[in-house]
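K.L.:
This is the content of my_file02.txt (compact mmCIF, C-alpha atoms):
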```
# COMPACT_ATOMS: atom_id res chain seq x y z
CA MET A 1 -90.35 46.93 126.55
CA LEU A 2 -90.33 43.61 128.42
CA GLY A 3 -89.89 41.40 125.37
CA GLU A 4 -91.63 40.56 122.15
CA LEU A 5 -93.46 37.81 120.32
CA ILE A 6 -92.19 37.32 116.78
CA PRO A 7 -94.59 35.53 114.42
CA VAL A 8 -92.99 32.45 112.84
CA GLY A 9 -93.47 32.75 109.10
CA GLY A 10 -93.71 36.54 109.05
CA GLY A 11 -95.89 39.31 110.33
CA ASP A 12 -95.66 42.22 112.76
CA ASP A 13 -93.82 41.71 116.05
CA ILE A 14 -95.94 41.98 119.20
CA THR A 15 -94.40 44.06 121.99
CA LEU A 16 -94.80 42.74 125.54
CA ALA A 17 -95.37 46.08 127.27
CA LYS A 18 -96.58 45.07 130.74
CA ALA A 19 -96.01 42.25 133.22
CA GLU A 20 -99.47 40.70 132.84
CA LEU A 21 -101.06 40.31 129.42
CA MET A 22 -104.32 38.71 128.30
CA ILE A 23 -104.28 37.20 124.80
CA GLY A 24 -107.47 36.45 122.91
CA ARG A 25 -109.91 37.36 120.16
CA ARG A 26 -111.86 39.97 122.18
CA GLU A 27 -111.05 43.65 121.81
CA SER A 28 -110.76 43.91 125.61
CA CYS A 29 -107.62 41.70 125.57
CA ASP A 30 -104.16 43.25 125.79
CA ILE A 31 -103.03 41.32 122.71
CA VAL A 32 -105.84 40.80 120.20
CA LEU A 33 -105.48 37.91 117.73
CA ARG A 34 -108.33 38.15 115.22
CA PHE A 35 -108.48 34.50 114.18
CA PRO A 36 -111.60 32.29 114.46
CA ASN A 37 -109.68 29.45 116.17
CA VAL A 38 -108.43 31.76 118.97
CA SER A 39 -110.74 31.85 122.01
CA ALA A 40 -112.16 35.10 123.34
CA HIS A 41 -109.82 34.88 126.36
CA HIS A 42 -107.31 32.30 125.16
CA CYS A 43 -104.28 32.58 127.45
CA GLN A 44 -102.38 34.84 129.81
CA LEU A 45 -98.71 35.85 129.87
CA ASN A 46 -97.18 36.73 133.24
CA LEU A 47 -93.71 38.04 134.03
CA ILE A 48 -92.51 36.50 137.31
CA ASP A 49 -88.99 36.99 138.67
CA GLY A 50 -87.60 37.85 135.23
CA TYR A 51 -89.23 34.93 133.33
CA TRP A 52 -92.34 34.86 131.19
CA TYR A 53 -95.00 32.22 131.92
CA VAL A 54 -97.96 31.30 129.73
CA LYS A 55 -101.23 29.90 131.11
CA ASP A 56 -104.12 28.48 129.10
CA LEU A 57 -107.45 29.96 130.22
CA GLY A 58 -109.58 26.98 129.21
CA SER A 59 -109.36 27.67 125.49
CA ARG A 60 -110.72 25.19 122.99
CA ASN A 61 -107.56 24.94 120.86
CA GLY A 62 -105.00 25.26 123.68
CA ILE A 63 -101.40 26.39 123.78
CA LYS A 64 -98.20 24.61 122.89
CA VAL A 65 -94.61 25.39 123.81
CA ASN A 66 -92.02 23.96 121.43
CA GLY A 67 -94.64 21.59 120.00
CA THR A 68 -95.89 20.17 123.33
CA ARG A 69 -99.30 21.09 124.75
CA TYR A 70 -99.32 22.60 128.25
CA GLN A 71 -101.79 24.12 130.65
CA GLU A 72 -99.09 26.32 132.19
CA LYS A 73 -95.40 26.66 131.26
CA ARG A 74 -92.36 28.87 131.72
CA LEU A 75 -91.18 30.42 128.45
CA ASP A 76 -87.42 30.63 128.04
CA PRO A 77 -85.92 33.05 125.49
CA GLY A 78 -86.21 31.55 121.99
CA ASP A 79 -89.09 29.20 122.86
CA LYS A 80 -91.84 28.86 120.30
CA VAL A 81 -95.33 29.27 121.71
CA SER A 82 -98.39 28.29 119.65
CA ILE A 83 -101.67 30.00 120.42
CA ALA A 84 -104.26 27.81 118.72
CA LYS A 85 -102.23 27.13 115.53
CA HIS A 86 -100.47 30.50 115.37
CA GLU A 87 -96.81 30.17 116.32
CA TYR A 88 -94.63 32.90 117.87
CA GLU A 89 -91.05 32.98 119.09
CA ILE A 90 -90.55 34.82 122.38
CA LYS A 91 -87.54 37.10 122.71
CA TYR A 92 -86.50 38.67 126.02
CA SER A 93 -83.58 38.87 128.40
CA PRO A 94 -84.24 37.39 131.87
CA VAL A 95 -81.24 39.27 133.34
CA GLU A 96 -82.59 42.63 132.14
CA LEU A 97 -85.99 41.76 133.64
CA GLY A 98 -84.54 41.03 137.10
CA ALA A 99 -83.82 37.28 137.03
CA LYS A 100 -81.18 36.16 139.52
CA GLY A 101 -79.42 32.81 139.37
CA PRO A 102 -80.60 29.78 137.42
CA PRO A 103 -84.17 29.50 136.12
CA PRO A 104 -86.77 28.38 138.68
CA ALA A 105 -87.70 24.69 138.92
CA GLU A 106 -89.96 23.58 136.13
CA ASP A 107 -93.58 22.61 136.88
CA PHE A 108 -93.59 21.84 140.62
CA ASN A 109 -97.17 20.51 140.34
CA LEU A 110 -96.38 18.12 137.48
CA PRO A 111 -97.12 14.92 139.50
CA GLN A 112 -100.62 16.24 140.25
CA GLN A 113 -101.17 16.99 136.55
CA ILE A 114 -99.98 13.51 135.56
CA PHE A 115 -101.65 11.38 138.25
CA GLY A 116 -104.69 13.56 138.95
CA LYS A 117 -106.56 12.37 135.82
CA SER A 118 -106.75 9.21 133.80
CA LEU A 119 -104.85 8.97 130.54
CA LEU A 120 -108.10 9.15 128.56
CA GLU A 121 -109.16 12.32 130.42
CA ARG A 122 -105.80 14.00 129.77
CA ALA A 123 -106.05 13.08 126.08
CA GLY A 124 -109.63 14.43 125.92
CA LEU A 125 -111.01 10.99 125.00
CA ALA A 126 -112.96 10.13 128.17
CA LYS A 127 -116.57 9.26 127.49
CA THR A 128 -119.48 10.50 129.56
CA PRO A 129 -121.26 7.82 131.58
CA ILE A 130 -123.97 6.01 129.64
CA ARG A 131 -127.43 6.38 131.07
CA SER A 132 -129.63 3.34 131.18
CA HIS A 133 -132.90 3.05 129.28
CA GLU A 134 -134.78 3.15 132.60
CA ASP A 135 -133.24 6.53 133.50
CA GLU A 136 -134.67 8.09 130.33
CA HIS A 137 -138.24 7.12 131.24
CA LYS A 138 -137.97 7.87 134.95
CA ARG A 139 -139.28 11.39 135.34
CA PHE A 140 -139.36 11.78 139.11
CA ASP A 141 -139.08 10.01 142.44
CA VAL A 142 -142.33 10.04 144.44
CA MET A 143 -140.36 9.65 147.68
CA ASN A 144 -138.20 12.73 147.02
CA ASN A 145 -139.72 16.11 147.95
CA ALA A 146 -136.88 18.17 146.42
CA ALA A 147 -137.83 20.78 143.85
CA GLY A 148 -136.73 20.54 140.23
CA GLN A 149 -136.53 16.77 139.92
CA ILE A 150 -138.80 16.44 136.90
CA LYS A 151 -136.60 16.05 133.86
CA ASP A 152 -138.48 16.72 130.65
CA LYS A 153 -136.30 16.13 127.59
CA ASN A 154 -138.73 18.22 125.50
CA LYS A 155 -138.34 21.28 127.71
CA PRO A 156 -135.80 23.85 126.38
CA VAL A 157 -132.80 24.50 128.57
```
Show me the file's structure as structure tokens.

P.N.:
Amino acid sequence: MLGELIPVGGGDDITLAKAELMIGRRESCDIVLRFPNVSAHHCQLNLIDGYWYVKDLGSRNGIKVNGTRYQEKRLDPGDKVSIAKHEYEIKYSPVELGAKGPPPAEDFNLPQQIFGKSLLERAGLAKTPIRSHEDEHKRFDVMNNAAGQIKDKNKPV
């Protein structure tokens, strides 16, 4: 056993049996969470150098560690990880799993995460560009010989 996830508020403990685990709603996942707000392939847990890491796999409802939303994060023993809105406490011993010395540096790519997108994009509030009224009526360009340029809004996708 490499650790366990203990549901906050009660329930059966989930044993972390291998170093790479897929969590989601699908039966093909290593840890199946049968809740409608959990994505089919929600997140992944990886054991690296004695520490567990969680990574969101583009889920709709995301993951949180200790109440803060992350795309990827190291999980220290006792941290609370929320998968959609289902909260678990992770229990493991880094020393028993091969960790040496202090924990690795936290989020080395944090500046890219912060400055790579606008604040509205990171908050999920960015709007799509507004098309002009002329664009809606323009069906094709007679000077362009490329295929597939006719855009018919009545045609099913």

K.L.:
When you look at Pro77 in chain A with a cut-off of 7 Å (counting all atoms listed in the file), what residues show up, excluding the ones that are within fewer than 2 positions of it in the same chain? I need them as a list of chain:residue names.

P.N.:
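So the residues in contact are A:Leu75, A:Asp79, A:Ile90, A:Lys91, A:Tyr92, A:Ser93.
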
K.L.:
Residues within 12 Å of (-97.5, 37.7, 110.8), file coordinates, counting all atoms listed in the file: what are they? Give the list as a list of chain:residue names.

P.N.:
A:Leu5, A:Ile6, A:Pro7, A:Val8, A:Gly9, A:Gly10, A:Gly11, A:Asp12, A:Asp13, A:Ile14, A:Leu33, A:Arg34, A:Phe35, A:His86, A:Glu87, A:Tyr88, A:Glu89

K.L.:
Each side padded by 6 Å, which centre and which edge lengths in Å (one decimal) define the axis-aligned box around the listed atoms of range 17-27 of chain A? Give them as AutoDock Vina command-line options.

P.N.:
```
--center_x -103.6 --center_y 41.3 --center_z 126.7 --size_x 28.5 --size_y 21.6 --size_z 25.1
```

K.L.:
Excluding Ile63 in chain A and residues on its chain fewer than 5 positions from it, collect all residues at most 12 Å away from it, counting only C-alpha atoms, and give them as a count of residues only.

P.N.:
31

K.L.:
With all atoms listed in the file as the basis for distance, which of A:Gly78, A:Gly98, A:Pro36, A:Pro104 is at the shortest distance from Asn61 in chain A?

P.N.:
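Residue with the minimum atom-to-atom distance to Asn61 in chain A: A:Pro36.
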